[in-house]
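S.K.: Hey, dropping protein_19.csv in here, CSV, C-alpha atoms and all ligand atoms:
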```
chain,number,residue,atom,x,y,z
Q,1,MET,CA,0.4,-0.6,-16.7
Q,2,LEU,CA,-2.5,-0.1,-19.1
Q,3,LYS,CA,-2.3,3.7,-19.2
Q,4,GLN,CA,1.6,3.8,-19.4
Q,5,LYS,CA,1.8,7.0,-17.5
Q,6,ARG,CA,4.9,5.5,-16.0
Q,7,GLN,CA,7.0,2.8,-17.6
Q,8,THR,CA,6.4,-0.8,-16.4
Q,9,GLY,CA,9.7,-2.5,-17.2
Q,10,GLY,CA,10.7,-3.3,-13.6
Q,11,PHE,CA,14.3,-2.5,-12.7
Q,12,ILE,CA,17.9,-3.6,-13.4
Q,13,LEU,CA,20.5,-4.4,-10.8
Q,14,ARG,CA,24.0,-4.4,-12.2
Q,15,GLU,CA,27.7,-4.2,-11.4
Q,16,LYS,CA,30.8,-5.3,-13.4
Q,17,GLY,CA,30.1,-8.9,-14.6
Q,18,PHE,CA,26.6,-9.1,-13.3
Q,19,MET,CA,23.3,-7.9,-14.5
Q,20,MET,CA,19.8,-9.0,-13.4
Q,21,SER,CA,16.4,-7.8,-14.7
Q,22,VAL,CA,13.9,-7.8,-11.9
Q,23,ASP,CA,10.2,-8.0,-12.8
Q,24,PRO,CA,10.5,-7.3,-16.5
Q,25,GLY,CA,7.0,-6.0,-17.3
Q,26,PRO,CA,6.0,-4.5,-20.6
Q,27,GLY,CA,8.7,-2.1,-21.9
Q,28,ALA,CA,11.6,-3.7,-20.1
Q,29,LEU,CA,13.5,-4.5,-23.4
Q,30,VAL,CA,12.7,-1.1,-25.1
Q,31,TYR,CA,13.6,1.0,-22.0
Q,32,GLY,CA,16.7,-1.1,-21.2
Q,33,LEU,CA,18.0,-0.3,-24.7
Q,34,LYS,CA,16.9,3.3,-24.6
Q,35,ASN,CA,19.0,3.6,-21.4
Q,36,ASN,CA,22.0,2.3,-23.4
Q,37,LEU,CA,22.2,-1.0,-21.4
Q,38,ASP,CA,23.8,-3.9,-23.2
Q,39,LEU,CA,21.2,-6.5,-22.3
Q,40,SER,CA,23.4,-9.3,-23.7
Q,41,GLU,CA,25.2,-8.8,-20.4
Q,42,LEU,CA,22.2,-10.1,-18.5
Q,43,ASN,CA,23.0,-13.2,-16.4
Q,44,ALA,CA,19.8,-13.4,-14.4
Q,45,ILE,CA,16.0,-12.6,-14.6
Q,46,PHE,CA,13.8,-12.6,-11.6
Q,47,VAL,CA,10.0,-12.7,-11.7
Q,48,SER,CA,8.3,-12.1,-8.4
Q,49,HIS,CA,4.9,-13.4,-9.5
Q,50,PRO,CA,2.9,-14.2,-12.7
Q,51,HIS,CA,1.1,-11.0,-13.3
Q,52,LEU,CA,1.6,-9.3,-16.6
Q,53,ASP,CA,3.1,-6.1,-15.2
Q,54,HIS,CA,5.9,-8.2,-13.7
Q,55,GLU,CA,6.6,-10.7,-16.5
Q,56,GLY,CA,5.2,-9.4,-19.7
Q,57,ASP,CA,8.7,-8.8,-21.2
Q,58,ALA,CA,10.4,-11.9,-19.6
Q,59,GLU,CA,10.6,-13.6,-23.0
Q,60,ALA,CA,12.0,-10.5,-24.6
Q,61,MET,CA,14.6,-10.2,-21.9
Q,62,ILE,CA,15.5,-13.9,-22.3
Q,63,GLU,CA,16.1,-13.3,-26.0
Q,64,ALA,CA,18.2,-10.3,-25.2
Q,65,MET,CA,20.2,-12.3,-22.6
Q,66,THR,CA,20.7,-15.3,-24.9
Q,67,GLY,CA,21.3,-13.6,-28.3
Q,68,GLY,CA,17.8,-14.4,-29.6
Q,69,CYS,CA,17.9,-17.9,-27.8
Q,70,MET,CA,21.1,-18.9,-29.7
Q,71,VAL,CA,23.3,-19.3,-26.6
Q,72,LYS,CA,22.1,-21.2,-23.6
Q,73,LYS,CA,22.7,-18.8,-20.8
Q,74,GLY,CA,21.7,-17.3,-17.5
Q,75,VAL,CA,19.3,-18.1,-14.7
Q,76,LEU,CA,15.6,-17.5,-14.5
Q,77,ILE,CA,14.4,-17.2,-10.9
Q,78,SER,CA,10.8,-17.3,-9.8
Q,79,ASN,CA,8.3,-19.4,-7.8
Q,80,LYS,CA,6.2,-22.4,-8.7
Q,81,ASP,CA,3.2,-20.2,-9.7
Q,82,TYR,CA,5.2,-18.8,-12.6
Q,83,LEU,CA,7.5,-21.7,-13.4
Q,84,SER,CA,5.3,-24.8,-12.9
Q,85,ARG,CA,3.9,-26.4,-16.0
Q,86,GLU,CA,0.3,-26.0,-14.8
Q,87,MET,CA,0.5,-22.3,-14.6
Q,88,LYS,CA,-2.8,-20.5,-14.6
Q,89,PHE,CA,-1.6,-16.9,-14.8
Q,90,GLY,CA,1.7,-16.0,-16.5
Q,91,SER,CA,3.0,-17.3,-19.8
Q,92,ILE,CA,6.4,-18.3,-21.0
Q,93,SER,CA,7.1,-20.5,-24.0
Q,94,ASP,CA,9.1,-23.7,-23.9
Q,95,TYR,CA,11.2,-22.2,-26.7
Q,96,HIS,CA,12.4,-19.5,-24.2
Q,97,ARG,CA,12.7,-21.8,-21.3
Q,98,LYS,CA,15.0,-24.0,-23.3
Q,99,ALA,CA,17.4,-21.0,-23.9
Q,100,ILE,CA,17.9,-20.5,-20.1
Q,101,GLU,CA,20.8,-22.4,-18.6
Q,102,LYS,CA,19.1,-22.8,-15.3
Q,103,GLU,CA,15.6,-22.3,-13.9
Q,104,LEU,CA,15.4,-21.8,-10.1
Q,105,VAL,CA,12.0,-22.5,-8.5
Q,106,VAL,CA,12.4,-20.8,-5.2
Q,107,LYS,CA,10.4,-20.6,-2.0
Q,108,GLU,CA,10.6,-18.9,1.4
Q,109,GLY,CA,13.9,-19.4,3.1
Q,110,ASP,CA,15.8,-20.6,0.0
Q,111,PHE,CA,19.3,-19.2,-0.7
Q,112,HIS,CA,21.2,-18.8,-3.9
Q,113,VAL,CA,24.6,-17.2,-4.6
Q,114,LEU,CA,24.8,-14.9,-7.7
Q,115,GLY,CA,27.6,-13.0,-9.3
Q,116,LYS,CA,30.4,-12.0,-7.0
Q,117,ASP,CA,29.3,-13.5,-3.7
Q,118,LEU,CA,25.8,-11.9,-3.7
Q,119,LYS,CA,23.7,-14.0,-1.4
Q,120,MET,CA,20.1,-14.0,-2.4
Q,121,GLU,CA,17.5,-15.0,0.1
Q,122,PHE,CA,13.8,-15.5,-0.9
Q,123,ILE,CA,10.8,-14.2,1.0
Q,124,GLU,CA,7.2,-15.2,0.6
Q,125,LEU,CA,4.7,-12.4,0.5
Q,126,GLN,CA,0.9,-12.1,0.4
Q,127,HIS,CA,-0.5,-10.8,-2.8
Q,128,LYS,CA,-4.0,-11.8,-4.0
Q,129,ASN,CA,-4.3,-15.3,-5.3
Q,130,VAL,CA,-0.8,-15.9,-6.6
Q,131,GLU,CA,2.4,-17.0,-4.9
Q,132,THR,CA,4.6,-13.9,-4.7
Q,133,THR,CA,8.3,-13.8,-3.8
Q,134,GLY,CA,10.5,-11.0,-2.7
Q,135,PHE,CA,14.2,-11.2,-1.9
Q,136,LYS,CA,17.1,-9.9,0.2
Q,137,LEU,CA,20.5,-9.6,-1.6
Q,138,SER,CA,23.4,-9.4,0.8
Q,139,ARG,CA,27.2,-9.0,0.6
Q,140,GLY,CA,29.8,-7.7,3.1
Q,141,GLY,CA,27.2,-6.9,5.8
Q,142,LYS,CA,25.0,-4.8,3.5
Q,143,THR,CA,21.6,-5.8,2.2
Q,144,PHE,CA,19.5,-4.7,-0.7
Q,145,SER,CA,15.9,-5.9,-0.6
Q,146,TYR,CA,12.9,-6.0,-2.9
Q,147,ILE,CA,9.3,-6.0,-1.8
Q,148,PRO,CA,7.1,-6.5,-4.8
Q,149,ASP,CA,3.3,-6.5,-4.7
Q,150,THR,CA,2.0,-7.5,-1.3
Q,151,SER,CA,-0.4,-6.7,1.5
Q,152,MET,CA,1.0,-5.7,4.9
Q,153,PHE,CA,0.9,-8.7,7.2
Q,154,ASP,CA,2.2,-9.8,10.5
Q,155,GLY,CA,5.8,-10.8,10.1
Q,156,ILE,CA,6.8,-8.8,7.1
Q,157,LYS,CA,9.0,-6.5,9.1
Q,158,GLU,CA,10.8,-9.4,10.6
Q,159,LYS,CA,11.4,-11.0,7.2
Q,160,TYR,CA,13.0,-7.8,5.9
Q,161,ARG,CA,14.9,-6.9,9.1
Q,162,GLY,CA,18.5,-5.8,8.5
Q,163,SER,CA,17.8,-4.3,5.0
Q,164,ASP,CA,19.9,-1.2,4.1
Q,165,TYR,CA,18.3,-0.5,0.7
Q,166,PHE,CA,14.9,-1.2,-0.6
Q,167,VAL,CA,12.9,-1.1,-3.8
Q,168,ILE,CA,9.3,-1.3,-2.8
Q,169,SER,CA,6.2,-1.7,-5.0
Q,170,CYS,CA,4.0,1.2,-3.7
Q,171,PRO,CA,1.0,1.7,-6.0
Q,172,ARG,CA,-1.1,3.7,-3.5
Q,173,THR,CA,-0.9,7.0,-1.8
Q,174,HIS,CA,-0.8,7.4,2.0
Q,175,LYS,CA,-4.6,7.9,2.0
Q,176,ILE,CA,-5.7,4.8,0.1
Q,177,GLU,CA,-5.6,1.2,1.3
Q,178,TRP,CA,-5.9,-1.5,-1.2
Q,179,ARG,CA,-5.8,-5.2,-0.3
Q,180,GLY,CA,-2.9,-7.0,-2.0
Q,181,HIS,CA,-0.8,-3.8,-2.4
Q,182,LEU,CA,1.1,-1.4,-0.3
Q,183,GLY,CA,0.5,2.3,0.1
Q,184,LEU,CA,2.8,5.1,1.3
Q,185,LYS,CA,1.6,4.8,4.9
Q,186,ASP,CA,2.7,1.1,4.9
Q,187,VAL,CA,6.1,2.1,3.5
Q,188,ALA,CA,6.5,4.7,6.3
Q,189,GLU,CA,5.6,1.9,8.8
Q,190,LEU,CA,8.3,-0.4,7.3
Q,191,VAL,CA,10.9,2.4,7.3
Q,192,ASP,CA,10.1,3.4,10.9
Q,193,SER,CA,10.7,-0.2,12.0
Q,194,ILE,CA,13.5,-1.4,9.8
Q,195,LYS,CA,15.4,1.9,9.4
Q,196,PRO,CA,17.0,1.4,6.0
Q,197,GLU,CA,19.4,3.9,4.5
Q,198,LYS,CA,17.3,4.5,1.3
Q,199,VAL,CA,14.0,3.3,-0.1
Q,200,TYR,CA,13.2,3.7,-3.8
Q,201,LEU,CA,9.5,3.4,-4.7
Q,202,ASN,CA,8.4,1.6,-7.7
Q,203,HIS,CA,5.1,0.6,-9.3
Q,204,LEU,CA,3.4,3.9,-8.6
Q,205,GLY,CA,-0.3,3.9,-9.4
Q,206,ILE,CA,-2.2,6.5,-11.4
Q,207,ASN,CA,-3.6,8.1,-8.3
Q,208,PHE,CA,-0.1,8.3,-6.8
Q,209,ILE,CA,1.3,9.9,-9.9
Q,210,ASP,CA,-1.6,12.4,-10.0
Q,211,ASN,CA,-0.9,13.4,-6.4
Q,212,ILE,CA,2.8,13.1,-6.4
Q,213,GLU,CA,3.5,16.6,-4.9
Q,214,GLU,CA,1.1,15.9,-2.0
Q,215,GLU,CA,2.8,12.6,-1.4
Q,216,LYS,CA,6.2,14.2,-1.3
Q,217,GLU,CA,4.9,16.8,1.2
Q,218,TRP,CA,3.5,14.0,3.3
Q,219,LEU,CA,7.0,12.3,3.4
Q,220,GLU,CA,8.5,15.7,4.3
Q,221,GLU,CA,6.1,16.1,7.2
Q,222,LYS,CA,7.0,12.6,8.4
Q,223,GLY,CA,10.7,13.4,8.2
Q,224,LEU,CA,11.1,10.7,5.6
Q,225,SER,CA,11.9,12.7,2.5
Q,226,ASP,CA,15.6,12.0,2.6
Q,227,ARG,CA,15.2,8.3,3.0
Q,228,VAL,CA,12.1,7.5,0.8
Q,229,ILE,CA,12.9,8.4,-2.8
Q,230,ILE,CA,10.2,8.7,-5.5
Q,231,PRO,CA,12.3,8.2,-8.6
Q,232,ASP,CA,11.5,9.3,-12.1
Q,233,ASP,CA,11.6,6.7,-14.8
Q,234,ASN,CA,15.1,5.7,-16.0
Q,235,GLN,CA,16.9,7.0,-12.9
Q,236,THR,CA,20.1,5.2,-11.7
Q,237,PHE,CA,21.2,4.9,-8.1
Q,238,GLN,CA,24.5,3.8,-6.6
Q,239,LEU,CA,24.3,1.3,-3.8
Q,240,ASN,CA,27.1,0.4,-1.4
Q,241,ILE,CA,27.0,-3.3,-1.3
Q,301,ZN,ZN,0.5,-8.4,-9.0
Q,302,ZN,ZN,2.0,-5.4,-10.0
```
Kindly return the structure encoded in the file as structure tokens.
Ligand SMILES: [Zn+2]
Ligand SMILES: [Zn+2]

M.R.:
Amino acid sequence: MLKQKRQTGGFILREKGFMMSVDPGPGALVYGLKNNLDLSELNAIFVSHPHLDHEGDAEAMIEAMTGGCMVKKGVLISNKDYLSREMKFGSISDYHRKAIEKELVVKEGDFHVLGKDLKMEFIELQHKNVETTGFKLSRGGKTFSYIPDTSMFDGIKEKYRGSDYFVISCPRTHKIEWRGHLGLKDVAELVDSIKPEKVYLNHLGINFIDNIEEEKEWLEEKGLSDRVIIPDDNQTFQLNI
């Protein structure tokens, strides 16, 4: 985030009548607009955990969603470490919270229905000292899942079983292990076990970006290059959900 070699605005899920900003880090508003998105169409904002690279632009996205806080609208979804009043890490003003129609404080196993019958199930992960939440979004037998910052841990594969598509936060290369975050080797292990159709990597670290060709070759050797995509910034992908 601090070097901005890659953008840190998270990603947007959208279809007709539904738009959700996921982990709007610094740049989410600017790059959303540069990609010609009409951010007034947002109906939901999801924050996985209160670290700046996942919530720095949450207030800006709330303003975009609510016409500068003029219309009470939308849902803000996160866990108690972000939304509790005694928060130690993130920051969100009462002014912005008041503009949201509904705040959803979620925990492992909770469900919520969004947009056109999109069922959202929340998953607790293990990331440093803050509660961190991922999700599975399902409809018509297909599932899109998001794994934000987390360590590998026993049970993560079971939690995400049945996922067809993933966005995975993968700051590290296949060679480097870093507690609290996934590397490309962990992603390969998840893919081998869960067998999703496509995985889109996000949150690439400096080291990953500097060695991106080597990482692509490693995926090729593992036979994963069709399934694990290392996107450029601002790419759009079509999902069949
Ligand atoms: Zn984090
Ligand atoms: Zn992060």

S.K.: Return the single residue from Q:Ser163, Q:Gln238, Q:Ser145, Q:Ser169 that is closest to ligand ZN 302 (chain Q), with distances computed using only C-alpha atoms and all ligand atoms.

M.R.: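 Looking at the shortest contact to ligand ZN 302 (chain Q), the residue is Q:Ser169.
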
S.K.: Sorted by chain and rising residue number, list the residues of chain Q at most 10 Å from ligand ZN 301 (chain Q) (counting only C-alpha atoms and all ligand atoms), each with its closest atom pair and distance in Å to one decimal, as JSON lines.

M.R.:
```
{"residue": "Q:Ser48", "atom": "CA", "partner": "Q:ZN301", "partner_atom": "ZN", "distance": 8.7}
{"residue": "Q:His49", "atom": "CA", "partner": "Q:ZN301", "partner_atom": "ZN", "distance": 6.7}
{"residue": "Q:Pro50", "atom": "CA", "partner": "Q:ZN301", "partner_atom": "ZN", "distance": 7.3}
{"residue": "Q:His51", "atom": "CA", "partner": "Q:ZN301", "partner_atom": "ZN", "distance": 5.1}
{"residue": "Q:Leu52", "atom": "CA", "partner": "Q:ZN301", "partner_atom": "ZN", "distance": 7.7}
{"residue": "Q:Asp53", "atom": "CA", "partner": "Q:ZN301", "partner_atom": "ZN", "distance": 7.1}
{"residue": "Q:His54", "atom": "CA", "partner": "Q:ZN301", "partner_atom": "ZN", "distance": 7.2}
{"residue": "Q:Glu55", "atom": "CA", "partner": "Q:ZN301", "partner_atom": "ZN", "distance": 9.9}
{"residue": "Q:His127", "atom": "CA", "partner": "Q:ZN301", "partner_atom": "ZN", "distance": 6.7}
{"residue": "Q:Lys128", "atom": "CA", "partner": "Q:ZN301", "partner_atom": "ZN", "distance": 7.5}
{"residue": "Q:Asn129", "atom": "CA", "partner": "Q:ZN301", "partner_atom": "ZN", "distance": 9.2}
{"residue": "Q:Val130", "atom": "CA", "partner": "Q:ZN301", "partner_atom": "ZN", "distance": 8.0}
{"residue": "Q:Glu131", "atom": "CA", "partner": "Q:ZN301", "partner_atom": "ZN", "distance": 9.7}
{"residue": "Q:Thr132", "atom": "CA", "partner": "Q:ZN301", "partner_atom": "ZN", "distance": 8.1}
{"residue": "Q:Pro148", "atom": "CA", "partner": "Q:ZN301", "partner_atom": "ZN", "distance": 8.1}
{"residue": "Q:Asp149", "atom": "CA", "partner": "Q:ZN301", "partner_atom": "ZN", "distance": 5.5}
{"residue": "Q:Thr150", "atom": "CA", "partner": "Q:ZN301", "partner_atom": "ZN", "distance": 7.9}
{"residue": "Q:Ser169", "atom": "CA", "partner": "Q:ZN301", "partner_atom": "ZN", "distance": 9.7}
{"residue": "Q:Gly180", "atom": "CA", "partner": "Q:ZN301", "partner_atom": "ZN", "distance": 7.9}
{"residue": "Q:His181", "atom": "CA", "partner": "Q:ZN301", "partner_atom": "ZN", "distance": 8.1}
```

S.K.: Report as an MDAnalysis selection string all protein, DNA and RNA residues lying within 7 Å of Arg139 (chain Q), evaluated on all atoms listed in the file, omitting residues in the same chain fewer than 6 positions from it.

M.R.: chainID Q and resid 117:119 241

S.K.: Using only C-alpha atoms, which residues sit within 8 Å of Val105 (chain Q) once same-chain residues fewer than 5 positions away are excluded, as a VMD selection string?

M.R.: chain Q and resid 77 to 80 83

S.K.: Quick one: everything within 9 Å of Met20 (chain Q), counting all atoms listed in the file, minus sequence neighbours fewer than 5 positions away in the same chain. Send it as a list in words.

M.R.: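 These residues fall inside the cut-off: Phe11, Ile12, Leu13, Arg14, Glu41, Leu42, Asn43, Ala44, Ile45 and Phe46 of chain Q.
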